[in-house]
Amino acid sequence: MTERQFGQQQRRRFETGETIFRQGESGERAYIIERGEVEISYSRSDGDVLLANLGEGEIFGEMALIDNEARSATAKAAVPTEVFEVDLELFQRHVQTAEPILSCVIQALLDRFRAFQQRVSSADLDADALARLSSERLSDARHQSPVHQQALTELKFEHELKRALSTDGREVQCVYQPMVSLKEGRPMGLEALVRWYHPELGTLAPDSFLPLAARSGLMRELDINSLQKACEFLHKIDTETSWKSLFMAVNLSGDHLSDDRIVTAVQQALETYQLEPHRLKLEVTESELVREPERAREILLELKALGVSLALDDFGTGYSSLSYLNSFPIDQLKIDRTFIKTLTTSEQSQDIVRAILSLASAFGQSTVAEGIEHPDQVARLLEMGCDVGQGYWFSRPLPPAALMRWLEDRT
Ligand code: C2E
Ligand code: CA
Ligand code: CA
């Protein structure tokens, strides 16, 4: 056997019949065959069983690196063979950083394979015995591990969310929170906030499923569902109450800022529910603008061209700089609730809110203060010159029927 160093990895050459690793040894590396052929065989008391003949470009010896178990078979060079070694650390890093569901599936396959192999080792290899072994339940204690349970739960949850969105969307609905003129206390608009009415788990708030929607590529569908429901509800308010000119704010995830399908979706929703475009407000967060700023700017300009208005959500918590504010077509800043929470107790919060208000005024933008819970905060914001507020002090987010009653009470 000869070795050649290639940085951290090595190439090795094995002569015909030479053992690369033996069944039962601990595994320290996996191999990629660069030239030659490798036989993988399994030793039983009554002799060796050939499991596989591998050729150029194939990987072997990786199983022991995934689960830290001993080698389950022996590898020998069938002809003069050159292999490229991948060391344990490098390989395990890939396995550990793999998507949890994938690593769970890999682990399950591996466990089943090993358990099956173990049984085969002590059984007579006639067809009946094999069939019996295959149908027996294999021990799967490892799948009870919290990580795997979590991965499987997530997989089911993702499937349920997809189903909930693709059926009639009855399970995924919006609640609505009013935004109120601080001066007159009059409702100005609503923000649509998604809720998942899960058949078993009850009402789920966005924090418990938005990250999953983002990871599984369902965010666009979810936002468009909220957009349609919100526009439909605004149309209902227009036709059934005396509040005819409220605006509706809808949250958009960053995914839309790299894909202009949102423009068509917005246009369709406006047409379907006969809404004046300026009454639809799309909220995006600062941090999502900076991911692909050039593309985001193009899409926001397309949306703006439809006549809708754009708000920057959670303002003050992200990374915006003055140049950003200037280059995106933003109509409104929503002052993040962390600053409002400490507004009456922290000088620093007051300074920040004052700075945001003067920035907005310099750029001709309006402002909304989020998370108002006390009348003291309303008084302070009024002194500072903030236009509109939102928060539990005025109303919690309400389901459509309750929101209609809330509006009627203020007619
Ligand atoms: P957000 O856009 O900042 O929405 C405001 C959140 O603050 C809402 O939480 C609301 O219930 C909560 N809130 C309102 N007033 C108060 C208050 O006075 N005090 C406190 N402590 N909280 C208040 P919610 O409904 O859990 O939504 C959380 C986030 O989920 C939203 O934050 C928004 O980023 C996201 N979200 C909600 N619906 C959608 C949607 O349809 N699409 C997308 N992409 N994101 C959504
Ligand atoms: Ca928002
Ligand atoms: Ca916010």
# chains A, B, ... in the order shown; residues from 1 in each chain; ligands from 1
>>> residues_around(residues="A:Gly61", least_positions_apart="4", cutoff="10 Å", atoms="only C-alpha atoms", output="ChimeraX atom specification")
/A:20-21,27-32,40,65-66,71-75,85-86
>>> residues_near_ligand(ligand="ligand 1", cutoff="6 Å", atoms="only C-alpha atoms and all ligand atoms", output="compact mmCIF listing (two decimals) with N, CA and C atoms, in the first residue's frame")
# COMPACT_ATOMS: atom_id res chain seq x y z
N LEU A 193 -53.13 39.51 10.45
CA LEU A 193 -52.12 38.67 11.10
C LEU A 193 -52.60 37.22 11.04
N VAL A 194 -51.75 36.39 10.50
CA VAL A 194 -52.20 35.03 10.21
C VAL A 194 -52.34 34.17 11.47
N ALA A 205 -50.24 30.69 16.78
CA ALA A 205 -49.75 32.02 16.41
C ALA A 205 -48.62 31.88 15.40
N PRO A 206 -48.37 32.95 14.64
CA PRO A 206 -47.38 32.84 13.55
C PRO A 206 -46.00 32.35 14.00
N ASP A 223 -48.41 33.78 2.47
CA ASP A 223 -48.62 35.23 2.36
C ASP A 223 -49.74 35.56 1.38
N SER A 226 -52.96 35.03 3.01
CA SER A 226 -53.29 36.17 3.89
C SER A 226 -53.74 37.38 3.07
N ASN A 251 -48.63 41.55 5.76
CA ASN A 251 -47.18 41.28 5.89
C ASN A 251 -46.67 40.45 4.73
N LEU A 252 -45.52 40.85 4.22
CA LEU A 252 -44.89 40.06 3.16
C LEU A 252 -43.54 39.55 3.64
N SER A 253 -43.31 38.27 3.44
CA SER A 253 -42.01 37.74 3.84
C SER A 253 -40.97 38.13 2.79
N ASP A 314 -41.20 46.79 11.90
CA ASP A 314 -40.21 46.59 12.98
C ASP A 314 -39.05 47.58 12.83
N GLY A 371 -47.35 48.26 19.26
CA GLY A 371 -47.25 47.71 20.62
C GLY A 371 -47.63 48.68 21.73
N ILE A 372 -48.58 49.58 21.45
CA ILE A 372 -49.01 50.53 22.49
C ILE A 372 -49.92 49.79 23.48
N GLU A 373 -49.54 49.81 24.74
CA GLU A 373 -50.33 49.10 25.75
C GLU A 373 -50.85 50.03 26.84
N GLY A 391 -51.89 48.60 18.93
CA GLY A 391 -51.46 47.88 20.13
C GLY A 391 -52.65 47.45 20.96
N TYR A 392 -52.36 46.66 21.99
CA TYR A 392 -53.44 46.10 22.82
C TYR A 392 -54.27 47.20 23.49
N PRO A 397 -55.53 41.81 18.25
CA PRO A 397 -55.98 41.32 16.93
C PRO A 397 -57.26 40.51 17.12
>>> residues_around(residues="A:Phe339", least_positions_apart="6", cutoff="8 Å", atoms="only C-alpha atoms", output="tab-separated table (two decimals) with N, CA, C and O atoms, in the first residue's frame")
chain	number	residue	atom	x	y	z
A	349	SER	N	-34.86	55.10	24.54
A	349	SER	CA	-35.98	54.78	23.65
A	349	SER	C	-36.62	56.05	23.12
A	349	SER	O	-36.98	56.15	21.95
A	350	GLN	N	-36.73	57.04	24.01
A	350	GLN	CA	-37.32	58.32	23.56
A	350	GLN	C	-36.47	58.95	22.47
A	350	GLN	O	-36.99	59.45	21.47
A	352	ILE	N	-34.51	57.43	20.40
A	352	ILE	CA	-34.63	56.65	19.17
A	352	ILE	C	-35.95	56.97	18.46
A	352	ILE	O	-35.98	57.22	17.26
A	353	VAL	N	-37.04	56.99	19.24
A	353	VAL	CA	-38.34	57.27	18.61
A	353	VAL	C	-38.34	58.67	18.00
A	353	VAL	O	-38.80	58.88	16.86
>>> residues_near_ligand(ligand="ligand 3", cutoff="7 Å", atoms="only C-alpha atoms and all ligand atoms", output="PyMOL selection string")
chain A and resi 313-314+334+336+370
>>> write_last_selection(atoms="all heavy atoms", output="PDB file, in the first residue's frame")
ATOM      1  N   ASP A 313     -41.575  47.490   8.347  1.00  0.00           N
ATOM      2  CA  ASP A 313     -42.034  46.935   9.627  1.00  0.00           C
ATOM      3  C   ASP A 313     -40.873  46.850  10.618  1.00  0.00           C
ATOM      4  O   ASP A 313     -39.716  46.792  10.214  1.00  0.00           O
ATOM      5  CB  ASP A 313     -42.563  45.519   9.340  1.00  0.00           C
ATOM      6  CG  ASP A 313     -43.603  45.068  10.338  1.00  0.00           C
ATOM      7  OD1 ASP A 313     -43.832  45.787  11.324  1.00  0.00           O
ATOM      8  OD2 ASP A 313     -44.197  44.002  10.121  1.00  0.00           O
ATOM      9  N   ASP A 314     -41.203  46.792  11.895  1.00  0.00           N
ATOM     10  CA  ASP A 314     -40.209  46.591  12.975  1.00  0.00           C
ATOM     11  C   ASP A 314     -39.052  47.582  12.832  1.00  0.00           C
ATOM     12  O   ASP A 314     -37.886  47.229  13.065  1.00  0.00           O
ATOM     13  CB  ASP A 314     -39.637  45.152  12.941  1.00  0.00           C
ATOM     14  CG  ASP A 314     -40.726  44.094  13.017  1.00  0.00           C
ATOM     15  OD1 ASP A 314     -41.855  44.426  13.409  1.00  0.00           O
ATOM     16  OD2 ASP A 314     -40.436  42.930  12.693  1.00  0.00           O
ATOM     17  N   LYS A 334     -42.911  51.705  10.535  1.00  0.00           N
ATOM     18  CA  LYS A 334     -43.600  51.203  11.735  1.00  0.00           C
ATOM     19  C   LYS A 334     -42.558  51.063  12.836  1.00  0.00           C
ATOM     20  O   LYS A 334     -41.655  50.219  12.736  1.00  0.00           O
ATOM     21  CB  LYS A 334     -44.264  49.857  11.450  1.00  0.00           C
ATOM     22  CG  LYS A 334     -45.427  49.981  10.459  1.00  0.00           C
ATOM     23  CD  LYS A 334     -46.260  48.705  10.424  1.00  0.00           C
ATOM     24  CE  LYS A 334     -47.241  48.656  11.582  1.00  0.00           C
ATOM     25  NZ  LYS A 334     -48.125  47.459  11.500  1.00  0.00           N
ATOM     26  N   ASP A 336     -40.789  49.897  15.873  1.00  0.00           N
ATOM     27  CA  ASP A 336     -40.869  48.597  16.539  1.00  0.00           C
ATOM     28  C   ASP A 336     -41.328  48.735  17.993  1.00  0.00           C
ATOM     29  O   ASP A 336     -40.989  49.688  18.689  1.00  0.00           O
ATOM     30  CB  ASP A 336     -39.506  47.903  16.493  1.00  0.00           C
ATOM     31  CG  ASP A 336     -39.641  46.458  16.953  1.00  0.00           C
ATOM     32  OD1 ASP A 336     -40.213  45.673  16.197  1.00  0.00           O
ATOM     33  OD2 ASP A 336     -39.212  46.153  18.087  1.00  0.00           O
ATOM     34  N   GLU A 370     -45.971  50.780  17.062  1.00  0.00           N
ATOM     35  CA  GLU A 370     -46.516  49.439  17.341  1.00  0.00           C
ATOM     36  C   GLU A 370     -46.463  49.126  18.827  1.00  0.00           C
ATOM     37  O   GLU A 370     -45.601  49.626  19.540  1.00  0.00           O
ATOM     38  CB  GLU A 370     -45.649  48.375  16.663  1.00  0.00           C
ATOM     39  CG  GLU A 370     -45.611  48.413  15.174  1.00  0.00           C
ATOM     40  CD  GLU A 370     -44.860  47.182  14.645  1.00  0.00           C
ATOM     41  OE1 GLU A 370     -43.645  47.057  14.832  1.00  0.00           O
ATOM     42  OE2 GLU A 370     -45.536  46.347  14.046  1.00  0.00           O
TER      43      GLU A 370
END
>>> residues_around(residues="A:Gly36", least_positions_apart="5", cutoff="9 Å", atoms="only C-alpha atoms", output="VMD selection string")
chain A and resid 54 to 56 77 to 83
>>> select_by_dssp(residues="stretch 234-397 of chain A", states="strand (DSSP E)", output="list in words")
Phe247, Met248, Ala249, Val250, Asn251, Leu280, Lys281, Leu282, Glu283, Val284, Thr285, Ser309, Leu310, Ala311, Leu312, Asp313, Asp314, Phe315, Gln332, Leu333, Lys334, Ile335, Ser366, Thr367, Val368, Ala369, Val388 and Gly389 of chain A
>>> closest_residue(among="A:Ala355, A:Ala64, A:Ile106, A:Ala213", to="A:Glu25", atoms="only C-alpha atoms")
A:Ala64
>>> closest_atom_pairs(of="stretch 176-251 of chain A", to="stretch 364-369 of chain A", cutoff="12 Å", atoms="only C-alpha atoms", output="JSON lines")
{"residue": "A:Pro178", "atom": "CA", "partner": "A:Val368", "partner_atom": "CA", "distance": 11.4}
{"residue": "A:Met179", "atom": "CA", "partner": "A:Val368", "partner_atom": "CA", "distance": 7.9}
{"residue": "A:Val180", "atom": "CA", "partner": "A:Val368", "partner_atom": "CA", "distance": 9.0}
{"residue": "A:Ser181", "atom": "CA", "partner": "A:Val368", "partner_atom": "CA", "distance": 9.2}
{"residue": "A:Leu182", "atom": "CA", "partner": "A:Val368", "partner_atom": "CA", "distance": 9.5}
{"residue": "A:Met188", "atom": "CA", "partner": "A:Val368", "partner_atom": "CA", "distance": 10.8}
{"residue": "A:Gly189", "atom": "CA", "partner": "A:Val368", "partner_atom": "CA", "distance": 10.9}
{"residue": "A:Leu190", "atom": "CA", "partner": "A:Val368", "partner_atom": "CA", "distance": 11.8}
{"residue": "A:Glu191", "atom": "CA", "partner": "A:Val368", "partner_atom": "CA", "distance": 11.5}
{"residue": "A:Ala249", "atom": "CA", "partner": "A:Val368", "partner_atom": "CA", "distance": 11.7}
>>> atom_distance(atom1="atom CA of A:Gln118", atom2="atom CA of A:Glu69")
12.7 Å
>>> residues_around(residues="A:Arg354", least_positions_apart="5", cutoff="10 Å", atoms="only C-alpha atoms", output="number ranges by chain")
A: 348-349, 359-360, 381, 384-386
>>> atom_distance(atom1="atom 1 (Ca, counted along the ligand's line) of ligand 2", atom2="atom CA of A:Ser395")
15.2 Å
>>> closest_residue(among="A:Phe157, A:Trp243, A:Phe328, A:Phe60", to="A:Val284", atoms="only C-alpha atoms")
A:Phe328
>>> closest_residue(among="A:Leu300, A:Ala192, A:Leu155, A:Leu280", to="ligand 2", atoms="only C-alpha atoms and all ligand atoms")
A:Ala192
>>> closest_residue(among="A:Glu298, A:Glu276, A:Asp409, A:Glu184", to="A:Val388", atoms="only C-alpha atoms")
A:Glu184
>>> closest_residue(among="A:Arg44, A:Lys304, A:Lys281, A:Arg12", to="ligand 2", atoms="only C-alpha atoms and all ligand atoms")
A:Lys281
>>> residues_around(residues="A:Arg291", least_positions_apart="6", cutoff="12 Å", atoms="only C-alpha atoms", output="PyMOL selection string")
chain A and resi 253-258+285+297+318-320
>>> write_last_selection(atoms="N, CA and C atoms", output="PDB file, in the first residue's frame")
ATOM      1  N   SER A 253     -43.314  38.270   3.442  1.00  0.00           N
ATOM      2  CA  SER A 253     -42.009  37.739   3.843  1.00  0.00           C
ATOM      3  C   SER A 253     -40.972  38.134   2.793  1.00  0.00           C
ATOM      4  N   GLY A 254     -39.714  38.028   3.184  1.00  0.00           N
ATOM      5  CA  GLY A 254     -38.614  38.399   2.294  1.00  0.00           C
ATOM      6  C   GLY A 254     -38.589  37.582   1.008  1.00  0.00           C
ATOM      7  N   ASP A 255     -39.189  36.390   1.018  1.00  0.00           N
ATOM      8  CA  ASP A 255     -39.180  35.553  -0.188  1.00  0.00           C
ATOM      9  C   ASP A 255     -39.745  36.275  -1.407  1.00  0.00           C
ATOM     10  N   HIS A 256     -40.700  37.158  -1.170  1.00  0.00           N
ATOM     11  CA  HIS A 256     -41.326  37.852  -2.300  1.00  0.00           C
ATOM     12  C   HIS A 256     -40.420  38.899  -2.906  1.00  0.00           C
ATOM     13  N   LEU A 257     -39.394  39.267  -2.149  1.00  0.00           N
ATOM     14  CA  LEU A 257     -38.551  40.366  -2.621  1.00  0.00           C
ATOM     15  C   LEU A 257     -37.500  39.898  -3.617  1.00  0.00           C
ATOM     16  N   SER A 258     -37.569  38.599  -3.948  1.00  0.00           N
ATOM     17  CA  SER A 258     -36.674  38.145  -5.015  1.00  0.00           C
ATOM     18  C   SER A 258     -37.486  37.496  -6.139  1.00  0.00           C
ATOM     19  N   THR A 285     -40.024  43.828   6.373  1.00  0.00           N
ATOM     20  CA  THR A 285     -39.108  44.242   7.440  1.00  0.00           C
ATOM     21  C   THR A 285     -37.792  44.704   6.830  1.00  0.00           C
ATOM     22  N   ARG A 297     -35.486  46.188  -4.494  1.00  0.00           N
ATOM     23  CA  ARG A 297     -35.859  47.533  -4.926  1.00  0.00           C
ATOM     24  C   ARG A 297     -36.705  47.477  -6.196  1.00  0.00           C
ATOM     25  N   GLY A 318     -33.478  46.667  12.556  1.00  0.00           N
ATOM     26  CA  GLY A 318     -32.714  46.036  11.466  1.00  0.00           C
ATOM     27  C   GLY A 318     -31.444  46.792  11.158  1.00  0.00           C
ATOM     28  N   TYR A 319     -31.143  46.818   9.891  1.00  0.00           N
ATOM     29  CA  TYR A 319     -29.838  47.372   9.504  1.00  0.00           C
ATOM     30  C   TYR A 319     -29.953  48.583   8.595  1.00  0.00           C
ATOM     31  N   SER A 320     -31.115  49.178   8.513  1.00  0.00           N
ATOM     32  CA  SER A 320     -31.253  50.260   7.529  1.00  0.00           C
ATOM     33  C   SER A 320     -30.303  51.397   7.803  1.00  0.00           C
TER      34      SER A 320
END
>>> residues_around(residues="A:Tyr197", least_positions_apart="6", cutoff="9 Å", atoms="only C-alpha atoms", output="number ranges by chain")
A: 170-173, 203-204
>>> write_last_selection(atoms="all heavy atoms", output="PDB file, in the first residue's frame")
ATOM      1  N   ARG A 170     -59.391  27.080   4.935  1.00  0.00           N
ATOM      2  CA  ARG A 170     -60.249  27.407   6.072  1.00  0.00           C
ATOM      3  C   ARG A 170     -59.470  27.404   7.387  1.00  0.00           C
ATOM      4  O   ARG A 170     -59.771  28.138   8.305  1.00  0.00           O
ATOM      5  CB  ARG A 170     -61.419  26.425   6.162  1.00  0.00           C
ATOM      6  CG  ARG A 170     -62.760  27.131   6.079  1.00  0.00           C
ATOM      7  CD  ARG A 170     -63.893  26.151   6.215  1.00  0.00           C
ATOM      8  NE  ARG A 170     -63.591  24.938   5.445  1.00  0.00           N
ATOM      9  CZ  ARG A 170     -64.218  23.778   5.630  1.00  0.00           C
ATOM     10  NH1 ARG A 170     -65.153  23.676   6.531  1.00  0.00           N
ATOM     11  NH2 ARG A 170     -63.915  22.719   4.897  1.00  0.00           N
ATOM     12  N   GLU A 171     -58.464  26.526   7.449  1.00  0.00           N
ATOM     13  CA  GLU A 171     -57.688  26.413   8.693  1.00  0.00           C
ATOM     14  C   GLU A 171     -56.717  27.580   8.874  1.00  0.00           C
ATOM     15  O   GLU A 171     -56.310  27.884   9.975  1.00  0.00           O
ATOM     16  CB  GLU A 171     -56.878  25.111   8.687  1.00  0.00           C
ATOM     17  CG  GLU A 171     -57.663  23.921   9.127  1.00  0.00           C
ATOM     18  CD  GLU A 171     -56.819  22.653   9.071  1.00  0.00           C
ATOM     19  OE1 GLU A 171     -55.601  22.713   9.324  1.00  0.00           O
ATOM     20  OE2 GLU A 171     -57.385  21.607   8.755  1.00  0.00           O
ATOM     21  N   VAL A 172     -56.294  28.158   7.754  1.00  0.00           N
ATOM     22  CA  VAL A 172     -55.316  29.246   7.853  1.00  0.00           C
ATOM     23  C   VAL A 172     -56.027  30.566   7.549  1.00  0.00           C
ATOM     24  O   VAL A 172     -56.356  30.860   6.402  1.00  0.00           O
ATOM     25  CB  VAL A 172     -54.115  29.016   6.898  1.00  0.00           C
ATOM     26  CG1 VAL A 172     -53.035  30.061   7.126  1.00  0.00           C
ATOM     27  CG2 VAL A 172     -53.541  27.620   7.096  1.00  0.00           C
ATOM     28  N   GLN A 173     -56.288  31.310   8.591  1.00  0.00           N
ATOM     29  CA  GLN A 173     -57.102  32.524   8.482  1.00  0.00           C
ATOM     30  C   GLN A 173     -56.338  33.711   9.045  1.00  0.00           C
ATOM     31  O   GLN A 173     -55.290  33.529   9.642  1.00  0.00           O
ATOM     32  CB  GLN A 173     -58.369  32.358   9.342  1.00  0.00           C
ATOM     33  CG  GLN A 173     -59.308  31.276   8.889  1.00  0.00           C
ATOM     34  CD  GLN A 173     -60.215  31.729   7.753  1.00  0.00           C
ATOM     35  OE1 GLN A 173     -60.170  32.897   7.347  1.00  0.00           O
ATOM     36  NE2 GLN A 173     -61.034  30.831   7.255  1.00  0.00           N
ATOM     37  N   THR A 203     -55.534  26.993  18.176  1.00  0.00           N
ATOM     38  CA  THR A 203     -55.088  28.182  17.451  1.00  0.00           C
ATOM     39  C   THR A 203     -53.577  28.370  17.595  1.00  0.00           C
ATOM     40  O   THR A 203     -53.067  28.440  18.710  1.00  0.00           O
ATOM     41  CB  THR A 203     -55.806  29.428  18.011  1.00  0.00           C
ATOM     42  OG1 THR A 203     -57.203  29.190  17.941  1.00  0.00           O
ATOM     43  CG2 THR A 203     -55.455  30.674  17.211  1.00  0.00           C
ATOM     44  N   LEU A 204     -52.921  28.446  16.457  1.00  0.00           N
ATOM     45  CA  LEU A 204     -51.467  28.623  16.497  1.00  0.00           C
ATOM     46  C   LEU A 204     -51.103  30.026  16.011  1.00  0.00           C
ATOM     47  O   LEU A 204     -51.597  30.493  14.977  1.00  0.00           O
ATOM     48  CB  LEU A 204     -50.780  27.585  15.601  1.00  0.00           C
ATOM     49  CG  LEU A 204     -51.031  26.115  15.956  1.00  0.00           C
ATOM     50  CD1 LEU A 204     -50.334  25.190  14.962  1.00  0.00           C
ATOM     51  CD2 LEU A 204     -50.560  25.810  17.379  1.00  0.00           C
TER      52      LEU A 204
END
